[in-house]
>>> print(open('work-v7.txt').read())   # compact mmCIF, C-alpha atoms
# COMPACT_ATOMS: atom_id res chain seq x y z
CA MET A 1 4.08 29.51 -40.17
CA THR A 2 1.95 32.61 -40.64
CA PRO A 3 1.66 34.88 -37.60
CA SER A 4 -1.84 33.55 -36.90
CA GLN A 5 -0.71 29.91 -37.19
CA ASN A 6 2.14 30.77 -34.90
CA ALA A 7 -0.26 32.33 -32.42
CA GLN A 8 -2.56 29.29 -32.60
CA SER A 9 0.34 26.93 -32.03
CA LEU A 10 1.52 28.93 -29.04
CA PHE A 11 -2.02 28.95 -27.69
CA ASP A 12 -2.39 25.18 -28.09
CA GLN A 13 0.89 24.57 -26.35
CA TRP A 14 -0.13 26.84 -23.57
CA GLN A 15 -3.58 25.33 -23.15
CA ARG A 16 -2.01 22.10 -21.97
CA GLY A 17 0.60 22.61 -19.29
CA ASN A 18 4.27 21.76 -19.74
CA LEU A 19 5.96 21.24 -16.41
CA MET A 20 9.42 21.19 -17.99
CA ALA A 21 9.05 24.85 -18.99
CA PRO A 22 10.17 27.18 -16.19
CA ASP A 23 7.39 29.73 -16.77
CA CYS A 24 4.49 27.35 -17.31
CA PRO A 25 1.55 28.14 -15.00
CA SER A 26 1.35 24.39 -14.25
CA ARG A 27 4.47 24.73 -12.07
CA PRO A 28 2.82 26.64 -9.19
CA VAL A 29 -0.08 24.13 -9.32
CA LEU A 30 2.41 21.28 -8.95
CA GLN A 31 4.03 23.16 -6.09
CA HIS A 32 0.73 23.54 -4.26
CA LEU A 33 -0.25 19.90 -4.69
CA THR A 34 3.17 18.53 -3.78
CA SER A 35 4.29 20.94 -1.09
CA ARG A 36 5.19 19.37 2.24
CA TRP A 37 1.74 20.18 3.56
CA GLY A 38 -0.27 20.36 0.34
CA VAL A 39 0.01 16.60 -0.13
CA LEU A 40 -1.09 15.82 3.41
CA VAL A 41 -4.00 18.27 3.40
CA MET A 42 -5.24 16.80 0.10
CA ILE A 43 -5.11 13.28 1.58
CA ALA A 44 -6.95 14.38 4.70
CA LEU A 45 -9.65 16.13 2.67
CA ALA A 46 -9.99 13.05 0.44
CA ILE A 47 -11.49 11.37 3.53
CA GLY A 48 -14.22 14.02 3.69
CA PRO A 49 -14.99 17.61 4.70
CA HIS A 50 -13.13 18.92 7.73
CA ARG A 51 -13.20 21.95 9.95
CA PHE A 52 -9.92 23.82 10.32
CA ALA A 53 -9.14 22.41 13.78
CA GLU A 54 -9.96 18.85 12.67
CA LEU A 55 -7.60 19.17 9.74
CA ARG A 56 -4.88 20.47 11.99
CA ARG A 57 -5.24 17.50 14.31
CA ARG A 58 -5.20 15.04 11.43
CA VAL A 59 -2.12 16.41 9.67
CA GLY A 60 0.53 15.78 12.31
CA GLY A 61 2.95 18.65 12.83
CA ILE A 62 1.30 21.37 10.71
CA SER A 63 1.15 24.89 12.20
CA GLU A 64 -1.96 27.07 12.03
CA ARG A 65 -0.18 29.47 9.71
CA MET A 66 0.96 26.76 7.29
CA LEU A 67 -2.47 25.15 7.26
CA SER A 68 -4.11 28.51 6.39
CA GLN A 69 -1.61 29.17 3.63
CA THR A 70 -1.91 25.65 2.21
CA LEU A 71 -5.72 25.84 2.18
CA GLN A 72 -5.62 29.24 0.46
CA GLU A 73 -3.33 27.92 -2.27
CA LEU A 74 -5.49 24.86 -2.88
CA GLU A 75 -8.62 27.03 -2.86
CA GLY A 76 -6.98 29.38 -5.39
CA ASP A 77 -6.37 26.47 -7.77
CA GLY A 78 -9.98 25.32 -7.42
CA PHE A 79 -9.21 22.11 -5.50
CA VAL A 80 -10.70 23.11 -2.16
CA LEU A 81 -14.06 24.71 -1.35
CA ARG A 82 -14.31 26.81 1.79
CA THR A 83 -17.79 27.21 3.23
CA ALA A 84 -18.38 29.66 6.08
CA HIS A 85 -21.63 28.86 7.87
CA PRO A 86 -23.33 31.99 9.27
CA VAL A 87 -23.57 30.75 12.83
CA VAL A 88 -22.18 31.74 16.23
CA PRO A 89 -19.46 30.65 16.95
CA PRO A 90 -18.19 30.81 13.32
CA HIS A 91 -18.02 27.43 11.61
CA VAL A 92 -15.97 26.97 8.45
CA ASP A 93 -15.82 23.74 6.45
CA TYR A 94 -13.20 22.74 3.93
CA GLU A 95 -13.86 20.09 1.31
CA LEU A 96 -12.52 18.95 -2.05
CA THR A 97 -14.20 20.23 -5.21
CA PRO A 98 -14.87 17.69 -7.99
CA MET A 99 -11.58 18.77 -9.62
CA GLY A 100 -9.87 18.49 -6.23
CA ARG A 101 -11.11 14.91 -5.92
CA GLU A 102 -9.52 14.08 -9.27
CA ALA A 103 -6.23 15.61 -8.12
CA ALA A 104 -6.45 13.84 -4.76
CA GLU A 105 -6.76 10.47 -6.49
CA HIS A 106 -3.38 10.97 -8.12
CA VAL A 107 -1.82 12.34 -4.94
CA LEU A 108 -3.17 9.29 -3.11
CA GLY A 109 -1.75 6.96 -5.75
CA LEU A 110 1.70 8.34 -5.02
CA THR A 111 1.40 8.51 -1.23
CA ARG A 112 -0.05 4.98 -0.92
CA TRP A 113 2.83 3.69 -2.98
CA ILE A 114 5.36 5.47 -0.71
CA GLU A 115 3.74 4.10 2.44
CA ASP A 116 3.71 0.58 1.01
CA ALA A 117 7.24 0.80 -0.39
CA LEU A 118 8.76 2.16 2.82
CA PRO A 119 10.04 -1.21 4.10
CA ARG A 120 11.80 -1.80 0.76
CA ILE A 121 13.25 1.72 0.76
CA ILE A 122 14.62 1.29 4.28
CA ALA A 123 15.98 -2.19 3.50
CA GLY A 124 17.77 -0.75 0.46
CA ARG A 125 19.46 1.89 2.61
CA LYS A 126 20.71 -0.77 5.02
CA ASP A 127 22.14 -2.79 2.13
CA ALA A 128 23.93 0.28 0.84
CA ALA A 129 25.41 1.18 4.26
CA MET B 1 -2.17 -6.70 24.54
CA THR B 2 0.87 -8.46 25.97
CA PRO B 3 4.17 -6.62 25.70
CA SER B 4 5.21 -8.83 22.77
CA GLN B 5 1.89 -8.29 20.96
CA ASN B 6 2.32 -4.62 21.57
CA ALA B 7 5.83 -4.72 20.12
CA GLN B 8 4.61 -6.67 17.09
CA SER B 9 1.80 -4.20 16.52
CA LEU B 10 4.21 -1.28 16.73
CA PHE B 11 6.56 -3.05 14.36
CA ASP B 12 3.78 -3.73 11.84
CA GLN B 13 2.67 -0.13 11.96
CA TRP B 14 6.19 1.01 11.42
CA GLN B 15 6.86 -1.40 8.57
CA ARG B 16 4.27 0.37 6.48
CA GLY B 17 4.74 4.13 6.38
CA ASN B 18 2.25 6.59 7.81
CA LEU B 19 2.64 10.00 6.21
CA MET B 20 0.29 11.61 8.73
CA ALA B 21 2.81 10.91 11.53
CA PRO B 22 5.39 13.71 11.84
CA ASP B 23 8.32 11.36 12.52
CA CYS B 24 7.55 8.65 10.00
CA PRO B 25 10.52 7.95 7.72
CA SER B 26 8.09 8.04 4.78
CA ARG B 27 7.98 11.84 5.11
CA PRO B 28 11.49 12.54 3.79
CA VAL B 29 10.83 10.09 0.92
CA LEU B 30 7.69 12.05 0.02
CA GLN B 31 9.73 15.24 0.22
CA HIS B 32 12.35 13.92 -2.18
CA LEU B 33 9.79 12.66 -4.71
CA THR B 34 7.64 15.78 -4.57
CA SER B 35 10.23 18.52 -4.14
CA ARG B 36 10.16 21.25 -6.76
CA TRP B 37 12.94 19.49 -8.67
CA GLY B 38 12.49 15.89 -7.50
CA VAL B 39 9.26 15.58 -9.49
CA LEU B 40 10.78 16.96 -12.67
CA VAL B 41 13.97 14.87 -12.44
CA MET B 42 11.87 11.72 -11.92
CA ILE B 43 9.79 12.56 -15.04
CA ALA B 44 12.91 13.21 -17.10
CA LEU B 45 14.52 9.94 -15.98
CA ALA B 46 11.28 8.08 -16.74
CA ILE B 47 12.09 8.79 -20.41
CA GLY B 48 15.41 6.97 -20.07
CA PRO B 49 18.98 7.24 -18.74
CA HIS B 50 20.55 10.70 -18.92
CA ARG B 51 23.92 12.24 -18.36
CA PHE B 52 24.05 15.11 -15.89
CA ALA B 53 24.23 17.84 -18.56
CA GLU B 54 21.36 16.28 -20.52
CA LEU B 55 19.20 16.23 -17.43
CA ARG B 56 20.01 19.83 -16.72
CA ARG B 57 18.96 20.88 -20.20
CA ARG B 58 15.72 18.91 -19.99
CA VAL B 59 14.60 20.21 -16.60
CA GLY B 60 14.13 23.90 -17.41
CA GLY B 61 15.50 26.25 -14.79
CA ILE B 62 17.35 23.80 -12.50
CA SER B 63 20.79 24.85 -11.24
CA GLU B 64 23.77 22.49 -11.17
CA ARG B 65 23.74 22.51 -7.40
CA MET B 66 20.04 21.68 -7.11
CA LEU B 67 20.33 18.94 -9.71
CA SER B 68 23.23 17.33 -7.79
CA GLN B 69 21.35 17.52 -4.51
CA THR B 70 18.13 16.16 -6.03
CA LEU B 71 19.96 13.24 -7.65
CA GLN B 72 21.73 12.42 -4.38
CA GLU B 73 18.43 12.36 -2.47
CA LEU B 74 16.78 10.12 -5.06
CA GLU B 75 19.84 7.86 -5.13
CA GLY B 76 19.74 7.65 -1.31
CA ASP B 77 16.14 6.42 -1.44
CA GLY B 78 17.05 3.80 -4.05
CA PHE B 79 15.12 5.41 -6.92
CA VAL B 80 18.10 6.47 -9.04
CA LEU B 81 21.19 4.52 -10.05
CA ARG B 82 24.37 6.48 -10.75
CA THR B 83 26.90 4.75 -12.98
CA ALA B 84 30.36 6.28 -13.45
CA HIS B 85 32.03 4.87 -16.56
CA PRO B 86 35.82 4.67 -16.20
CA VAL B 87 36.62 6.69 -19.31
CA VAL B 88 38.31 9.99 -20.13
CA PRO B 89 36.59 12.47 -20.02
CA PRO B 90 34.49 11.13 -17.10
CA HIS B 91 31.04 9.94 -18.11
CA VAL B 92 28.30 9.47 -15.53
CA ASP B 93 24.84 8.10 -16.28
CA TYR B 94 21.74 8.44 -14.15
CA GLU B 95 18.81 6.09 -14.55
CA LEU B 96 15.79 4.90 -12.60
CA THR B 97 16.05 1.68 -10.61
CA PRO B 98 13.11 -0.77 -10.84
CA MET B 99 11.74 0.77 -7.63
CA GLY B 100 12.31 4.23 -9.11
CA ARG B 101 10.26 3.26 -12.15
CA GLU B 102 7.37 2.28 -9.89
CA ALA B 103 7.60 5.62 -8.10
CA ALA B 104 7.90 7.49 -11.41
CA GLU B 105 4.66 5.93 -12.64
CA HIS B 106 2.78 7.51 -9.76
CA VAL B 107 4.59 10.83 -10.11
CA LEU B 108 3.71 10.79 -13.82
CA GLY B 109 0.07 10.05 -13.03
CA LEU B 110 -0.09 13.24 -11.01
CA THR B 111 1.93 15.44 -13.37
CA ARG B 112 0.04 14.33 -16.48
CA TRP B 113 -3.20 15.12 -14.72
CA ILE B 114 -1.93 18.62 -13.79
CA GLU B 115 -0.79 19.33 -17.36
CA ASP B 116 -4.14 18.17 -18.75
CA ALA B 117 -6.19 19.98 -16.12
CA LEU B 118 -4.36 23.28 -16.50
CA PRO B 119 -6.92 24.88 -18.85
CA ARG B 120 -9.71 24.06 -16.37
CA ILE B 121 -7.67 25.38 -13.45
CA ILE B 122 -6.98 28.64 -15.25
CA ALA B 123 -10.61 28.98 -16.38
CA GLY B 124 -11.71 28.48 -12.77
CA ARG B 125 -9.45 31.31 -11.62
CA LYS B 126 -10.95 33.67 -14.21
CA ASP B 127 -14.46 32.78 -13.08
CA ALA B 128 -13.50 33.51 -9.50
CA ALA B 129 -11.89 36.88 -10.33
>>> encode(input="work-v7.txt", output="structure tokens")
Amino acid sequence: MTPSQNAQSLFDQWQRGNLMAPDCPSRPVLQHLTSRWGVLVMIALAIGPHRFAELRRRVGGISERMLSQTLQELEGDGFVLRTAHPVVPPHVDYELTPMGREAAEHVLGLTRWIEDALPRIIAGRKDAA
Amino acid sequence: MTPSQNAQSLFDQWQRGNLMAPDCPSRPVLQHLTSRWGVLVMIALAIGPHRFAELRRRVGGISERMLSQTLQELEGDGFVLRTAHPVVPPHVDYELTPMGREAAEHVLGLTRWIEDALPRIIAGRKDAA
């Protein structure tokens, strides 16, 4: 390969993510979407826009700090849109972007399967014990 | 509701998982499937059975300890089957169970989407900066 072919090949590889490569920028995206709270916030937002406090109520057990951090990560990846309305008292909405809705569909595919499979998973553990 | 209807309703709710509930046993399952390494091990095993060392080579950056722990968690949920062949030197295979293959399909749906969407995600970050 000539240097320019080599560069093109590297570029093409890099354009599409490769999660098996430790340094691929797709890895932090996966982390954000599949973190303990990232998954649950994506599911909640798939229902529709939420204010911060509504989200916190819906996602059982999340702390204010973790919810802020999770929303920032998802906003940084372009999955969540934060809209601050210029009113008193301040009113901030969070909603999925079009790309976030695509991601949420896949997250939902996995989480629905887990919820449905739970009885089988638990039965399997009892058989093994 | 009578007490027995109430009990039945609780039982039905519990049979199917509810990830939004902090104490639902579906939460640790989600954790195992979406942990940093759980996702990548599931993808690797979706290709076919692997020995431990093969898996470690395929999943870039995983340590021996984390691979062991991840495999144990996935085995505990019934997604991975560990087969020790009685030969010298010891030879242990890891493969997905039928239930693990179902789970892997959903994990793959999400990871393929992330790999494909990566150029858009990165472009979005540049626009925002």
>>> interface_residues(input="work-v7.txt", of="chain A", to="chain B", cutoff="9 Å", atoms="all atoms listed in the file", output="ChimeraX atom specification")
/A:14-23,25-27,29-31,33-36,39-40,44,58-62,76-79,99,102-107,109-122,124-125,128
>>> calpha_fit_and_write(input="work-v7.txt", fixed="chain B", moving="chain A", output="PDB file with C-alpha atoms, in the coordinates of the input")
ATOM      1  CA  MET A   1      -1.533  -6.400  24.959  1.00  0.00           C
ATOM      2  CA  THR A   2       1.562  -8.161  26.257  1.00  0.00           C
ATOM      3  CA  PRO A   3       4.843  -6.303  25.750  1.00  0.00           C
ATOM      4  CA  SER A   4       5.730  -8.596  22.841  1.00  0.00           C
ATOM      5  CA  GLN A   5       2.316  -8.117  21.188  1.00  0.00           C
ATOM      6  CA  ASN A   6       2.765  -4.421  21.682  1.00  0.00           C
ATOM      7  CA  ALA A   7       6.191  -4.572  20.075  1.00  0.00           C
ATOM      8  CA  GLN A   8       4.825  -6.608  17.150  1.00  0.00           C
ATOM      9  CA  SER A   9       1.994  -4.154  16.627  1.00  0.00           C
ATOM     10  CA  LEU A  10       4.388  -1.221  16.659  1.00  0.00           C
ATOM     11  CA  PHE A  11       6.624  -3.053  14.210  1.00  0.00           C
ATOM     12  CA  ASP A  12       3.733  -3.796  11.843  1.00  0.00           C
ATOM     13  CA  GLN A  13       2.612  -0.205  11.920  1.00  0.00           C
ATOM     14  CA  TRP A  14       6.100   0.928  11.231  1.00  0.00           C
ATOM     15  CA  GLN A  15       6.695  -1.517   8.397  1.00  0.00           C
ATOM     16  CA  ARG A  16       4.085   0.267   6.325  1.00  0.00           C
ATOM     17  CA  GLY A  17       4.558   4.012   6.245  1.00  0.00           C
ATOM     18  CA  ASN A  18       2.053   6.478   7.673  1.00  0.00           C
ATOM     19  CA  LEU A  19       2.459   9.884   6.107  1.00  0.00           C
ATOM     20  CA  MET A  20       0.128  11.505   8.639  1.00  0.00           C
ATOM     21  CA  ALA A  21       2.612  10.776  11.438  1.00  0.00           C
ATOM     22  CA  PRO A  22       5.194  13.559  11.770  1.00  0.00           C
ATOM     23  CA  ASP A  23       8.110  11.201  12.478  1.00  0.00           C
ATOM     24  CA  CYS A  24       7.347   8.512   9.919  1.00  0.00           C
ATOM     25  CA  PRO A  25      10.350   7.797   7.665  1.00  0.00           C
ATOM     26  CA  SER A  26       7.937   7.925   4.694  1.00  0.00           C
ATOM     27  CA  ARG A  27       7.817  11.728   5.045  1.00  0.00           C
ATOM     28  CA  PRO A  28      11.360  12.425   3.770  1.00  0.00           C
ATOM     29  CA  VAL A  29      10.690   9.992   0.878  1.00  0.00           C
ATOM     30  CA  LEU A  30       7.577  11.978  -0.031  1.00  0.00           C
ATOM     31  CA  GLN A  31       9.621  15.157   0.206  1.00  0.00           C
ATOM     32  CA  HIS A  32      12.248  13.836  -2.189  1.00  0.00           C
ATOM     33  CA  LEU A  33       9.716  12.615  -4.737  1.00  0.00           C
ATOM     34  CA  THR A  34       7.565  15.738  -4.584  1.00  0.00           C
ATOM     35  CA  SER A  35      10.157  18.454  -4.134  1.00  0.00           C
ATOM     36  CA  ARG A  36      10.118  21.200  -6.746  1.00  0.00           C
ATOM     37  CA  TRP A  37      12.901  19.459  -8.624  1.00  0.00           C
ATOM     38  CA  GLY A  38      12.431  15.862  -7.493  1.00  0.00           C
ATOM     39  CA  VAL A  39       9.224  15.571  -9.509  1.00  0.00           C
ATOM     40  CA  LEU A  40      10.782  16.968 -12.667  1.00  0.00           C
ATOM     41  CA  VAL A  41      13.948  14.872 -12.429  1.00  0.00           C
ATOM     42  CA  MET A  42      11.839  11.722 -11.958  1.00  0.00           C
ATOM     43  CA  ILE A  43       9.795  12.584 -15.069  1.00  0.00           C
ATOM     44  CA  ALA A  44      12.920  13.247 -17.101  1.00  0.00           C
ATOM     45  CA  LEU A  45      14.512   9.973 -15.996  1.00  0.00           C
ATOM     46  CA  ALA A  46      11.276   8.112 -16.795  1.00  0.00           C
ATOM     47  CA  ILE A  47      12.118   8.866 -20.448  1.00  0.00           C
ATOM     48  CA  GLY A  48      15.435   7.027 -20.100  1.00  0.00           C
ATOM     49  CA  PRO A  49      18.986   7.283 -18.749  1.00  0.00           C
ATOM     50  CA  HIS A  50      20.567  10.724 -18.871  1.00  0.00           C
ATOM     51  CA  ARG A  51      23.945  12.263 -18.289  1.00  0.00           C
ATOM     52  CA  PHE A  52      24.069  15.106 -15.780  1.00  0.00           C
ATOM     53  CA  ALA A  53      24.267  17.852 -18.423  1.00  0.00           C
ATOM     54  CA  GLU A  54      21.406  16.320 -20.433  1.00  0.00           C
ATOM     55  CA  LEU A  55      19.218  16.253 -17.357  1.00  0.00           C
ATOM     56  CA  ARG A  56      20.041  19.848 -16.614  1.00  0.00           C
ATOM     57  CA  ARG A  57      19.029  20.906 -20.105  1.00  0.00           C
ATOM     58  CA  ARG A  58      15.789  18.950 -19.934  1.00  0.00           C
ATOM     59  CA  VAL A  59      14.626  20.243 -16.552  1.00  0.00           C
ATOM     60  CA  GLY A  60      14.194  23.931 -17.326  1.00  0.00           C
ATOM     61  CA  GLY A  61      15.536  26.268 -14.661  1.00  0.00           C
ATOM     62  CA  ILE A  62      17.353  23.790 -12.386  1.00  0.00           C
ATOM     63  CA  SER A  63      20.797  24.824 -11.082  1.00  0.00           C
ATOM     64  CA  GLU A  64      23.772  22.458 -11.015  1.00  0.00           C
ATOM     65  CA  ARG A  65      23.713  22.453  -7.233  1.00  0.00           C
ATOM     66  CA  MET A  66      20.006  21.620  -6.990  1.00  0.00           C
ATOM     67  CA  LEU A  67      20.305  18.895  -9.607  1.00  0.00           C
ATOM     68  CA  SER A  68      23.191  17.264  -7.670  1.00  0.00           C
ATOM     69  CA  GLN A  69      21.279  17.432  -4.412  1.00  0.00           C
ATOM     70  CA  THR A  70      18.069  16.099  -5.967  1.00  0.00           C
ATOM     71  CA  LEU A  71      19.909  13.181  -7.596  1.00  0.00           C
ATOM     72  CA  GLN A  72      21.646  12.334  -4.311  1.00  0.00           C
ATOM     73  CA  GLU A  73      18.335  12.254  -2.448  1.00  0.00           C
ATOM     74  CA  LEU A  74      16.690  10.047  -5.061  1.00  0.00           C
ATOM     75  CA  GLU A  75      19.755   7.787  -5.125  1.00  0.00           C
ATOM     76  CA  GLY A  76      19.623   7.538  -1.312  1.00  0.00           C
ATOM     77  CA  ASP A  77      16.019   6.314  -1.470  1.00  0.00           C
ATOM     78  CA  GLY A  78      16.928   3.722  -4.102  1.00  0.00           C
ATOM     79  CA  PHE A  79      15.039   5.373  -6.981  1.00  0.00           C
ATOM     80  CA  VAL A  80      18.033   6.439  -9.049  1.00  0.00           C
ATOM     81  CA  LEU A  81      21.138   4.482 -10.066  1.00  0.00           C
ATOM     82  CA  ARG A  82      24.319   6.425 -10.725  1.00  0.00           C
ATOM     83  CA  THR A  83      26.860   4.717 -12.955  1.00  0.00           C
ATOM     84  CA  ALA A  84      30.324   6.233 -13.370  1.00  0.00           C
ATOM     85  CA  HIS A  85      32.012   4.861 -16.480  1.00  0.00           C
ATOM     86  CA  PRO A  86      35.813   4.633 -16.094  1.00  0.00           C
ATOM     87  CA  VAL A  87      36.644   6.675 -19.162  1.00  0.00           C
ATOM     88  CA  VAL A  88      38.367   9.978 -19.933  1.00  0.00           C
ATOM     89  CA  PRO A  89      36.654  12.459 -19.810  1.00  0.00           C
ATOM     90  CA  PRO A  90      34.505  11.100 -16.919  1.00  0.00           C
ATOM     91  CA  HIS A  91      31.056   9.947 -17.991  1.00  0.00           C
ATOM     92  CA  VAL A  92      28.306   9.453 -15.423  1.00  0.00           C
ATOM     93  CA  ASP A  93      24.843   8.106 -16.231  1.00  0.00           C
ATOM     94  CA  TYR A  94      21.726   8.431 -14.135  1.00  0.00           C
ATOM     95  CA  GLU A  95      18.778   6.097 -14.569  1.00  0.00           C
ATOM     96  CA  LEU A  96      15.735   4.896 -12.650  1.00  0.00           C
ATOM     97  CA  THR A  97      15.983   1.649 -10.691  1.00  0.00           C
ATOM     98  CA  PRO A  98      13.048  -0.789 -10.962  1.00  0.00           C
ATOM     99  CA  MET A  99      11.630   0.731  -7.748  1.00  0.00           C
ATOM    100  CA  GLY A 100      12.238   4.204  -9.186  1.00  0.00           C
ATOM    101  CA  ARG A 101      10.215   3.264 -12.264  1.00  0.00           C
ATOM    102  CA  GLU A 102       7.300   2.277 -10.035  1.00  0.00           C
ATOM    103  CA  ALA A 103       7.527   5.611  -8.213  1.00  0.00           C
ATOM    104  CA  ALA A 104       7.853   7.510 -11.493  1.00  0.00           C
ATOM    105  CA  GLU A 105       4.617   5.978 -12.768  1.00  0.00           C
ATOM    106  CA  HIS A 106       2.717   7.536  -9.888  1.00  0.00           C
ATOM    107  CA  VAL A 107       4.550  10.848 -10.202  1.00  0.00           C
ATOM    108  CA  LEU A 108       3.691  10.831 -13.909  1.00  0.00           C
ATOM    109  CA  GLY A 109       0.044  10.090 -13.157  1.00  0.00           C
ATOM    110  CA  LEU A 110      -0.112  13.268 -11.104  1.00  0.00           C
ATOM    111  CA  THR A 111       1.928  15.488 -13.427  1.00  0.00           C
ATOM    112  CA  ARG A 112       0.037  14.390 -16.570  1.00  0.00           C
ATOM    113  CA  TRP A 113      -3.202  15.193 -14.819  1.00  0.00           C
ATOM    114  CA  ILE A 114      -1.919  18.682 -13.867  1.00  0.00           C
ATOM    115  CA  GLU A 115      -0.759  19.399 -17.412  1.00  0.00           C
ATOM    116  CA  ASP A 116      -4.095  18.266 -18.836  1.00  0.00           C
ATOM    117  CA  ALA A 117      -6.167  20.071 -16.206  1.00  0.00           C
ATOM    118  CA  LEU A 118      -4.310  23.371 -16.563  1.00  0.00           C
ATOM    119  CA  PRO A 119      -6.850  24.991 -18.921  1.00  0.00           C
ATOM    120  CA  ARG A 120      -9.653  24.152 -16.464  1.00  0.00           C
ATOM    121  CA  ILE A 121      -7.625  25.449 -13.515  1.00  0.00           C
ATOM    122  CA  ILE A 122      -6.918  28.737 -15.286  1.00  0.00           C
ATOM    123  CA  ALA A 123     -10.542  29.086 -16.432  1.00  0.00           C
ATOM    124  CA  GLY A 124     -11.673  28.573 -12.830  1.00  0.00           C
ATOM    125  CA  ARG A 125      -9.415  31.390 -11.639  1.00  0.00           C
ATOM    126  CA  LYS A 126     -10.872  33.752 -14.236  1.00  0.00           C
ATOM    127  CA  ASP A 127     -14.405  32.874 -13.128  1.00  0.00           C
ATOM    128  CA  ALA A 128     -13.476  33.576  -9.531  1.00  0.00           C
ATOM    129  CA  ALA A 129     -11.853  36.956 -10.332  1.00  0.00           C
TER     130      ALA A 129
END
>>> atom_distance(input="work-v7.txt", atom1="atom CA of B:Gln72", atom2="atom CA of B:Phe52")
12.0 Å
>>> residues_around(input="work-v7.txt", residues="A:Val92", least_positions_apart="5", cutoff="7 Å", atoms="all atoms listed in the file", output="list of chain:residue names")
A:Arg51, A:Arg82, A:Thr83, A:Ala84, A:His85
>>> residues_near_point(input="work-v7.txt", point="(14.0, 2.1, -13.3)", cutoff="10 Å", atoms="only C-alpha atoms", output="number ranges by chain")
B: 42, 45-49, 78-81, 95-104
>>> atom_distance(input="work-v7.txt", atom1="atom CA of A:Val88", atom2="atom CA of A:Ser68")
20.8 Å
>>> atom_distance(input="work-v7.txt", atom1="atom CA of A:Pro89", atom2="atom CA of A:Leu74")
24.9 Å
>>> axis_aligned_box(input="work-v7.txt", around="stretch 98-106 of chain B", padding_each_side="6 Å", output="JSON")
{"center_x": 7.9, "center_y": 3.4, "center_z": -10.1, "size_x": 22.3, "size_y": 20.3, "size_z": 17.0}
>>> decode(input="work-v7.txt", residues="stretch 29-51 of chain B", atoms="C-alpha atoms", output="compact mmCIF listing (two decimals), in the first residue's frame")
# COMPACT_ATOMS: atom_id res chain seq x y z
CA VAL B 29 -28.77 -9.11 34.64
CA LEU B 30 -28.73 -5.79 32.78
CA GLN B 31 -25.48 -4.95 34.55
CA HIS B 32 -23.84 -8.19 33.45
CA LEU B 33 -24.95 -7.85 29.83
CA THR B 34 -24.04 -4.18 29.55
CA SER B 35 -20.91 -3.97 31.69
CA ARG B 36 -17.84 -2.60 29.94
CA TRP B 37 -16.65 -6.15 29.26
CA GLY B 38 -19.93 -8.08 29.34
CA VAL B 39 -21.01 -6.51 26.04
CA LEU B 40 -17.74 -7.29 24.30
CA VAL B 41 -17.54 -10.88 25.59
CA MET B 42 -21.12 -11.50 24.42
CA ILE B 43 -20.24 -10.17 20.94
CA ALA B 44 -17.12 -12.32 20.76
CA LEU B 45 -19.02 -15.44 21.83
CA ALA B 46 -21.75 -14.67 19.29
CA ILE B 47 -19.10 -15.53 16.66
CA GLY B 48 -18.70 -19.01 18.15
CA PRO B 49 -17.15 -20.98 21.04
CA HIS B 50 -13.81 -19.71 22.31
CA ARG B 51 -11.13 -20.84 24.68
